[in-house]
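This is final_35.txt (compact mmCIF, C-alpha atoms).
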```txt
# COMPACT_ATOMS: atom_id res chain seq x y z
CA MET A 33 132.52 -31.22 285.64
CA ASN A 34 131.25 -27.78 286.63
CA ALA A 35 133.49 -25.62 288.83
CA ASP A 36 132.28 -22.34 290.34
CA LEU A 37 134.39 -20.00 292.47
CA ASN A 38 132.71 -18.71 295.58
CA SER A 39 133.04 -14.93 295.62
CA ALA A 40 133.44 -14.78 299.39
CA ASN A 41 136.86 -15.53 300.90
CA LEU A 42 136.50 -17.15 304.30
CA GLU A 43 138.87 -17.16 307.24
CA GLY A 44 139.66 -20.61 308.62
CA ALA A 45 140.31 -20.65 312.33
CA PRO A 46 142.95 -22.98 313.80
CA PRO A 47 141.71 -25.92 315.93
CA ALA A 48 142.36 -24.20 319.27
CA GLU A 49 140.45 -21.08 318.20
CA SER A 50 137.61 -23.18 316.79
CA GLN A 51 137.31 -25.05 320.09
CA ARG A 52 137.23 -21.77 322.02
CA LEU A 53 134.48 -20.35 319.83
CA GLY A 54 132.56 -23.62 320.07
CA ASN A 55 132.63 -23.48 323.86
CA VAL A 56 131.45 -19.86 323.76
CA ARG A 57 128.49 -20.72 321.56
CA PHE A 58 127.68 -23.81 323.62
CA HIS A 59 127.31 -21.74 326.78
CA GLY A 60 125.19 -19.14 324.99
CA ARG A 61 127.73 -16.33 325.12
CA THR A 62 128.57 -13.90 322.35
CA PRO A 63 132.02 -14.34 320.76
CA THR A 64 134.36 -11.41 321.21
CA GLY A 65 135.99 -10.42 317.93
CA LEU A 66 136.65 -12.44 314.81
CA PRO A 67 138.73 -15.63 314.96
CA GLU A 68 142.36 -15.41 313.95
CA GLY A 69 143.00 -17.64 310.96
CA HIS A 70 144.24 -17.87 307.41
CA LEU A 71 142.55 -16.50 304.32
CA VAL A 72 141.36 -19.34 302.12
CA ARG A 73 139.49 -19.73 298.86
CA ILE A 74 136.36 -21.87 298.62
CA ILE A 75 135.49 -23.65 295.37
CA ASP A 76 132.08 -25.30 295.00
CA TYR A 77 131.76 -27.78 292.14
CA THR A 78 129.91 -30.91 291.09
CA VAL A 79 131.23 -34.16 289.63
CA THR A 80 129.07 -36.36 287.42
CA ILE A 81 129.98 -40.06 287.69
CA ARG A 82 128.81 -42.39 284.92
CA PRO A 83 129.35 -46.06 285.85
CA GLN A 84 128.93 -48.70 283.17
CA ASP A 85 126.32 -50.76 284.99
CA ARG A 86 124.48 -48.03 286.96
CA PRO A 87 122.85 -44.69 286.23
CA ALA A 88 124.81 -41.47 286.42
CA LYS A 89 125.30 -39.87 289.83
CA VAL A 90 126.08 -36.25 290.68
CA GLU A 91 128.17 -35.49 293.78
CA LYS A 92 128.83 -32.06 295.30
CA PHE A 93 132.28 -31.06 296.51
CA ARG A 94 133.63 -28.04 298.37
CA LEU A 95 137.37 -27.47 298.08
CA ALA A 96 139.29 -25.15 300.42
CA THR A 97 142.66 -23.95 299.14
CA SER A 98 145.27 -21.32 300.01
CA LEU A 99 145.76 -20.54 296.28
CA LEU A 100 143.84 -17.26 296.21
CA ASP A 101 144.67 -16.01 292.72
CA HIS A 102 142.12 -17.44 290.30
CA ARG A 103 144.22 -16.39 287.31
CA HIS A 104 147.21 -18.55 288.28
CA ALA A 105 145.06 -21.36 289.70
CA PRO A 106 141.68 -21.53 287.93
CA ALA A 107 138.85 -23.19 289.78
CA ARG A 108 138.27 -25.79 287.07
CA GLN A 109 141.94 -26.79 287.06
CA LEU A 110 142.01 -27.26 290.84
CA ALA A 111 138.78 -29.27 290.71
CA GLN A 112 140.22 -31.54 288.03
CA LEU A 113 143.43 -32.12 290.02
CA TYR A 114 141.69 -32.80 293.32
CA HIS A 115 140.85 -36.42 292.45
CA GLN A 116 144.60 -37.13 292.01
CA ARG A 117 145.44 -36.18 295.60
CA TRP A 118 145.89 -39.86 296.55
CA GLU A 119 148.91 -40.07 294.22
CA ILE A 120 151.06 -38.48 296.92
CA GLU A 121 151.19 -42.00 298.36
CA ASN A 122 152.99 -43.06 295.16
CA GLY A 123 155.55 -40.32 295.79
CA PHE A 124 156.17 -41.57 299.33
CA ALA A 125 156.61 -45.13 298.02
CA GLU A 126 159.06 -43.96 295.35
CA LEU A 127 161.16 -42.05 297.85
CA LYS A 128 161.11 -44.59 300.68
CA ASN A 129 161.11 -47.93 298.84
CA ARG A 130 162.02 -47.76 295.15
CA LEU A 131 164.81 -45.21 295.45
CA ARG A 132 166.17 -46.03 298.88
CA GLY A 133 165.74 -49.79 298.56
CA ALA A 134 164.07 -52.34 300.81
CA GLY A 135 165.79 -52.81 304.16
CA PHE A 136 168.12 -49.83 303.64
CA ILE A 137 168.34 -47.36 306.51
CA LEU A 138 170.22 -44.11 306.98
CA ARG A 139 173.75 -44.96 308.11
CA SER A 140 174.57 -41.62 309.75
CA LYS A 141 174.75 -41.44 313.53
CA THR A 142 174.59 -37.69 314.22
CA PRO A 143 171.71 -35.26 313.54
CA GLU A 144 173.84 -33.10 311.22
CA LEU A 145 174.89 -36.04 309.05
CA ILE A 146 171.35 -37.41 308.98
CA CYS A 147 170.06 -34.06 307.66
CA GLN A 148 172.81 -34.09 305.05
CA GLU A 149 171.95 -37.63 303.97
CA ILE A 150 168.22 -36.87 303.74
CA TYR A 151 168.97 -33.74 301.71
CA ALA A 152 171.06 -35.81 299.30
CA LEU A 153 168.27 -38.37 298.98
CA LEU A 154 165.73 -35.66 298.20
CA THR A 155 168.10 -34.07 295.67
CA VAL A 156 168.47 -37.34 293.77
CA TYR A 157 164.71 -37.87 293.86
CA GLN A 158 164.10 -34.38 292.47
CA ALA A 159 166.59 -35.01 289.66
CA LEU A 160 164.89 -38.29 288.72
CA CYS A 161 161.46 -36.62 288.72
CA ALA A 162 162.84 -33.87 286.47
CA LEU A 163 164.10 -36.56 284.09
CA LYS A 164 160.64 -38.14 284.04
CA VAL A 165 158.99 -34.83 283.23
CA HIS A 166 161.55 -34.16 280.47
CA ALA A 167 160.86 -37.56 278.92
CA ALA A 168 157.11 -36.98 279.11
CA GLU A 169 157.48 -33.62 277.37
CA GLN A 170 159.56 -35.18 274.60
CA GLY A 171 156.99 -37.92 274.06
CA GLU A 172 153.97 -35.64 274.64
CA VAL A 173 152.52 -38.02 277.23
CA ASP A 174 151.37 -37.69 280.82
CA PRO A 175 154.30 -37.92 283.30
CA ASP A 176 152.30 -40.57 285.17
CA ARG A 177 153.04 -42.97 282.32
CA ILE A 178 156.82 -42.75 282.88
CA SER A 179 157.91 -45.56 285.19
CA PHE A 180 159.89 -44.36 288.19
CA THR A 181 161.35 -47.83 288.73
CA THR A 182 162.68 -47.89 285.16
CA THR A 183 164.06 -44.36 285.65
CA VAL A 184 166.01 -45.46 288.73
CA GLN A 185 167.38 -48.54 286.97
CA LEU A 186 168.52 -46.57 283.92
CA ALA A 187 170.10 -43.90 286.11
CA ARG A 188 172.08 -46.52 288.01
CA LEU A 189 173.25 -48.20 284.80
CA THR A 190 174.36 -45.01 283.04
CA THR A 191 175.67 -42.81 285.85
CA ALA A 192 178.75 -44.93 286.59
CA GLY A 193 180.00 -44.58 283.02
CA GLN A 194 179.70 -40.78 282.90
CA THR A 195 182.47 -39.89 285.35
CA ALA A 196 184.83 -38.28 282.81
CA ALA A 197 182.32 -37.69 280.01
CA ASN A 198 182.13 -34.46 278.04
CA PRO A 199 178.93 -32.44 277.49
CA GLN A 200 178.28 -34.07 274.11
CA THR A 201 178.42 -37.56 275.62
CA LEU A 202 176.13 -36.54 278.46
CA CYS A 203 173.54 -35.16 276.03
CA ALA A 204 173.70 -38.31 273.92
CA THR A 205 173.28 -40.52 276.98
CA ARG A 206 170.33 -38.43 278.12
CA ARG A 207 168.62 -38.84 274.75
CA GLU A 208 169.13 -42.60 274.92
CA VAL A 209 167.65 -42.76 278.42
CA VAL A 210 164.65 -40.68 277.37
CA GLN A 211 164.02 -42.95 274.40
CA GLU A 212 164.20 -46.06 276.58
CA LEU A 213 161.73 -44.52 279.02
CA LEU A 214 159.32 -43.77 276.19
CA ASN A 215 159.66 -47.34 274.92
CA ASP A 216 158.54 -48.68 278.31
CA LEU A 217 155.46 -46.57 279.03
CA LEU A 218 152.95 -47.50 281.69
CA PRO A 219 149.28 -47.92 280.70
CA PRO A 220 147.10 -44.81 281.04
CA ARG A 221 145.67 -44.17 284.49
CA ARG A 222 142.08 -45.30 284.78
CA ASN A 223 139.43 -43.22 286.50
CA ARG A 224 138.52 -44.63 289.88
CA ARG A 225 135.78 -43.98 292.35
CA CYS A 226 135.68 -44.75 296.06
CA GLN A 227 132.36 -44.42 297.82
CA ARG A 228 132.53 -42.04 300.77
CA LEU A 229 131.26 -44.02 303.73
CA LYS A 230 131.97 -43.90 307.43
CA LYS A 231 134.02 -46.86 308.61
CA PRO A 232 132.34 -48.92 311.36
CA PRO A 233 134.16 -49.01 314.69
CA ARG A 234 136.14 -52.13 315.46
CA ASN A 235 134.70 -52.45 318.96
CA THR A 236 130.91 -52.54 319.03
CA PHE A 237 130.61 -52.81 322.82
CA GLU A 238 129.39 -49.84 324.80
CA ALA A 239 132.03 -47.76 326.52
CA LYS A 240 132.07 -47.91 330.31
CA ARG A 241 131.71 -44.53 331.97
CA ARG A 242 133.46 -43.56 335.15
CA ASP A 243 130.25 -42.66 336.96
CA GLU A 244 128.50 -45.88 335.91
CA PRO A 245 127.78 -48.21 338.86
CA ARG A 246 129.70 -51.47 338.78
CA PRO A 247 128.11 -54.88 339.48
CA PRO A 248 129.05 -56.68 342.71
CA SER A 249 132.23 -58.72 342.60
CA HIS A 250 130.79 -61.72 344.53
CA VAL A 251 127.82 -63.44 342.87
CA SER A 252 126.15 -66.87 343.04
CA TYR A 253 125.08 -69.09 340.13
CA SER A 254 122.43 -71.83 339.91
CA LEU A 255 122.88 -74.64 337.38
CA LYS A 256 120.11 -77.01 336.27
CA VAL A 257 120.87 -79.97 333.98
CA THR A 258 117.89 -80.74 331.72
CA TRP A 259 119.33 -83.82 329.97
CA SER A 260 121.49 -86.74 331.10
CA PRO A 261 123.04 -89.54 328.97
CA ARG A 262 121.97 -93.26 329.20
CA GLY A 263 118.69 -92.39 330.83
CA LYS A 264 120.26 -91.46 334.13
CA PRO A 265 118.32 -88.98 336.17
CA ALA A 266 119.59 -85.46 336.11
CA PRO A 267 121.54 -84.42 339.19
CA PRO A 268 120.00 -81.88 341.46
CA ALA A 269 120.67 -78.23 340.87
CA LYS A 270 123.91 -76.93 342.26
CA THR A 271 124.35 -73.61 343.87
CA ARG A 272 127.57 -71.88 344.77
```

Let's see the structure in the file written out as structure tokens.
Amino acid sequence: MNADLNSANLEGAPPAESQRLGNVRFHGRTPTGLPEGHLVRIIDYTVTIRPQDRPAKVEKFRLATSLLDHRHAPARQLAQLYHQRWEIENGFAELKNRLRGAGFILRSKTPELICQEIYALLTVYQALCALKVHAAEQGEVDPDRISFTTTVQLARLTTAGQTAANPQTLCATRREVVQELLNDLLPPRRNRRCQRLKKPPRNTFEAKRRDEPRPPSHVSYSLKVTWSPRGKPAPPAKTR
């Protein structure tokens, strides 16, 4: 993987400003002033894909990010992390299904209590993720290999017995939970590739325009039977 940082920082215009400038260019007028937008960083890089049954293929990518400091966020590091962007769906599933539970809904009836309940849910989720990261650091493995489902189950089993525990007991329980998480590691994530293709539309019929003339509502049809069973002659054509 080769990652190169573009030396020029570009300004990305919001959708409304982009539409305005597009209309100006479409009518042949000169835009007045620069568009108002946000300063972004452009990273151009290439990815070489080597399938087992096909020759290698090189794909070009252009990544736009608001992380402007290349010392804190190197271009190569951002390029390597970009292919894991789909894993945010795993985070949504952990928060909505595995932690909350299937069929469980927020029981609060007022906006203030709903915000409080969501905040509590996010706090518990953050604590469980911190426990996963701590276990991964102790085992020197990728945090992706720590099962979130197992983390929730162990937290539910051990939390109830820690009501009046002292700091020494809490530390011992935490070490036991970390060891159990490391004993139940997930397999390493495999590299995946999804071909970038445009999805075909569901409806293949042409769209009807408002100015398109419509056919007449009253029409006549002529039917002619070309075959009749048992050798009977075909009836004459009918018209209606």

For segment 161-172 of chain A, I'd like the enclosing box, axis-aligned and padded by 4 Å on every side, reported as JSON with centre and edge lengths in Å to one decimal.
```
{"center_x": 159.0, "center_y": -35.9, "center_z": 281.4, "size_x": 18.1, "size_y": 12.5, "size_z": 22.7}
```

| What does the distance from atom CA of Arg207 of chain A to atom CA of Ala152 of chain A come to in Å, to one decimal? |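 Pair atom CA of Arg207 of chain A / atom CA of Ala152 of chain A returns 24.9 Å.
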
| remark: Here atom CA of Arg73 of chain A and atom CA of Glu49 of chain A stand apart by 19.4 Å

Show which residues sit within 8 Å of segment 173-187 of chain A, as a PDB file with C-alpha atoms, in the coordinates of the input. Count all atoms listed in the file, and ignore same-chain residues fewer than 3 positions away.
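Produced file around.pdb, reproduced below:
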```pdb
ATOM      1  CA  GLU A 126     159.060 -43.960 295.350  1.00  0.00           C
ATOM      2  CA  ARG A 130     162.020 -47.760 295.150  1.00  0.00           C
ATOM      3  CA  LEU A 131     164.810 -45.210 295.450  1.00  0.00           C
ATOM      4  CA  LEU A 160     164.890 -38.290 288.720  1.00  0.00           C
ATOM      5  CA  CYS A 161     161.460 -36.620 288.720  1.00  0.00           C
ATOM      6  CA  LEU A 163     164.100 -36.560 284.090  1.00  0.00           C
ATOM      7  CA  LYS A 164     160.640 -38.140 284.040  1.00  0.00           C
ATOM      8  CA  VAL A 165     158.990 -34.830 283.230  1.00  0.00           C
ATOM      9  CA  ALA A 167     160.860 -37.560 278.920  1.00  0.00           C
ATOM     10  CA  ALA A 168     157.110 -36.980 279.110  1.00  0.00           C
ATOM     11  CA  GLU A 169     157.480 -33.620 277.370  1.00  0.00           C
ATOM     12  CA  THR A 190     174.360 -45.010 283.040  1.00  0.00           C
ATOM     13  CA  THR A 191     175.670 -42.810 285.850  1.00  0.00           C
ATOM     14  CA  VAL A 209     167.650 -42.760 278.420  1.00  0.00           C
ATOM     15  CA  LEU A 213     161.730 -44.520 279.020  1.00  0.00           C
ATOM     16  CA  LEU A 214     159.320 -43.770 276.190  1.00  0.00           C
ATOM     17  CA  ASP A 216     158.540 -48.680 278.310  1.00  0.00           C
ATOM     18  CA  LEU A 217     155.460 -46.570 279.030  1.00  0.00           C
ATOM     19  CA  LEU A 218     152.950 -47.500 281.690  1.00  0.00           C
ATOM     20  CA  PRO A 219     149.280 -47.920 280.700  1.00  0.00           C
ATOM     21  CA  PRO A 220     147.100 -44.810 281.040  1.00  0.00           C
ATOM     22  CA  ARG A 221     145.670 -44.170 284.490  1.00  0.00           C
TER      23      ARG A 221
END
```

| task | Could you tell me how far atom CA of Ala162 of chain A lies from atom CA of Gly123 of chain A, in Å and to one decimal? | result |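 Interatomic distance here is 13.5 Å.
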
| task | Please provide as a count of residues only all residues within 12 Å of Leu127 of chain A, with the sequence filter that same-chain residues fewer than 5 positions apart are discarded (counting only C-alpha atoms). | result | 20

| said: Taking only C-alpha atoms into account, name the residue in A:Gly193, A:Pro245, A:Pro87, A:Gly171 that is nearest to Gln211 of chain A. | reply: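 Using only C-alpha atoms, the shortest distance to Gln211 of chain A belongs to A:Gly171.
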
| request: Return the single residue from A:Arg234, A:Arg241, A:Glu212, A:Pro143 that is closest to Gln170 of chain A, with distances computed using all atoms listed in the file. | output: A:Glu212

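Considering only C-alpha atoms, the residue among A:Arg82, A:Tyr151, A:Thr97, A:Phe58 positioned nearest to Leu138 of chain A is A:Tyr151.
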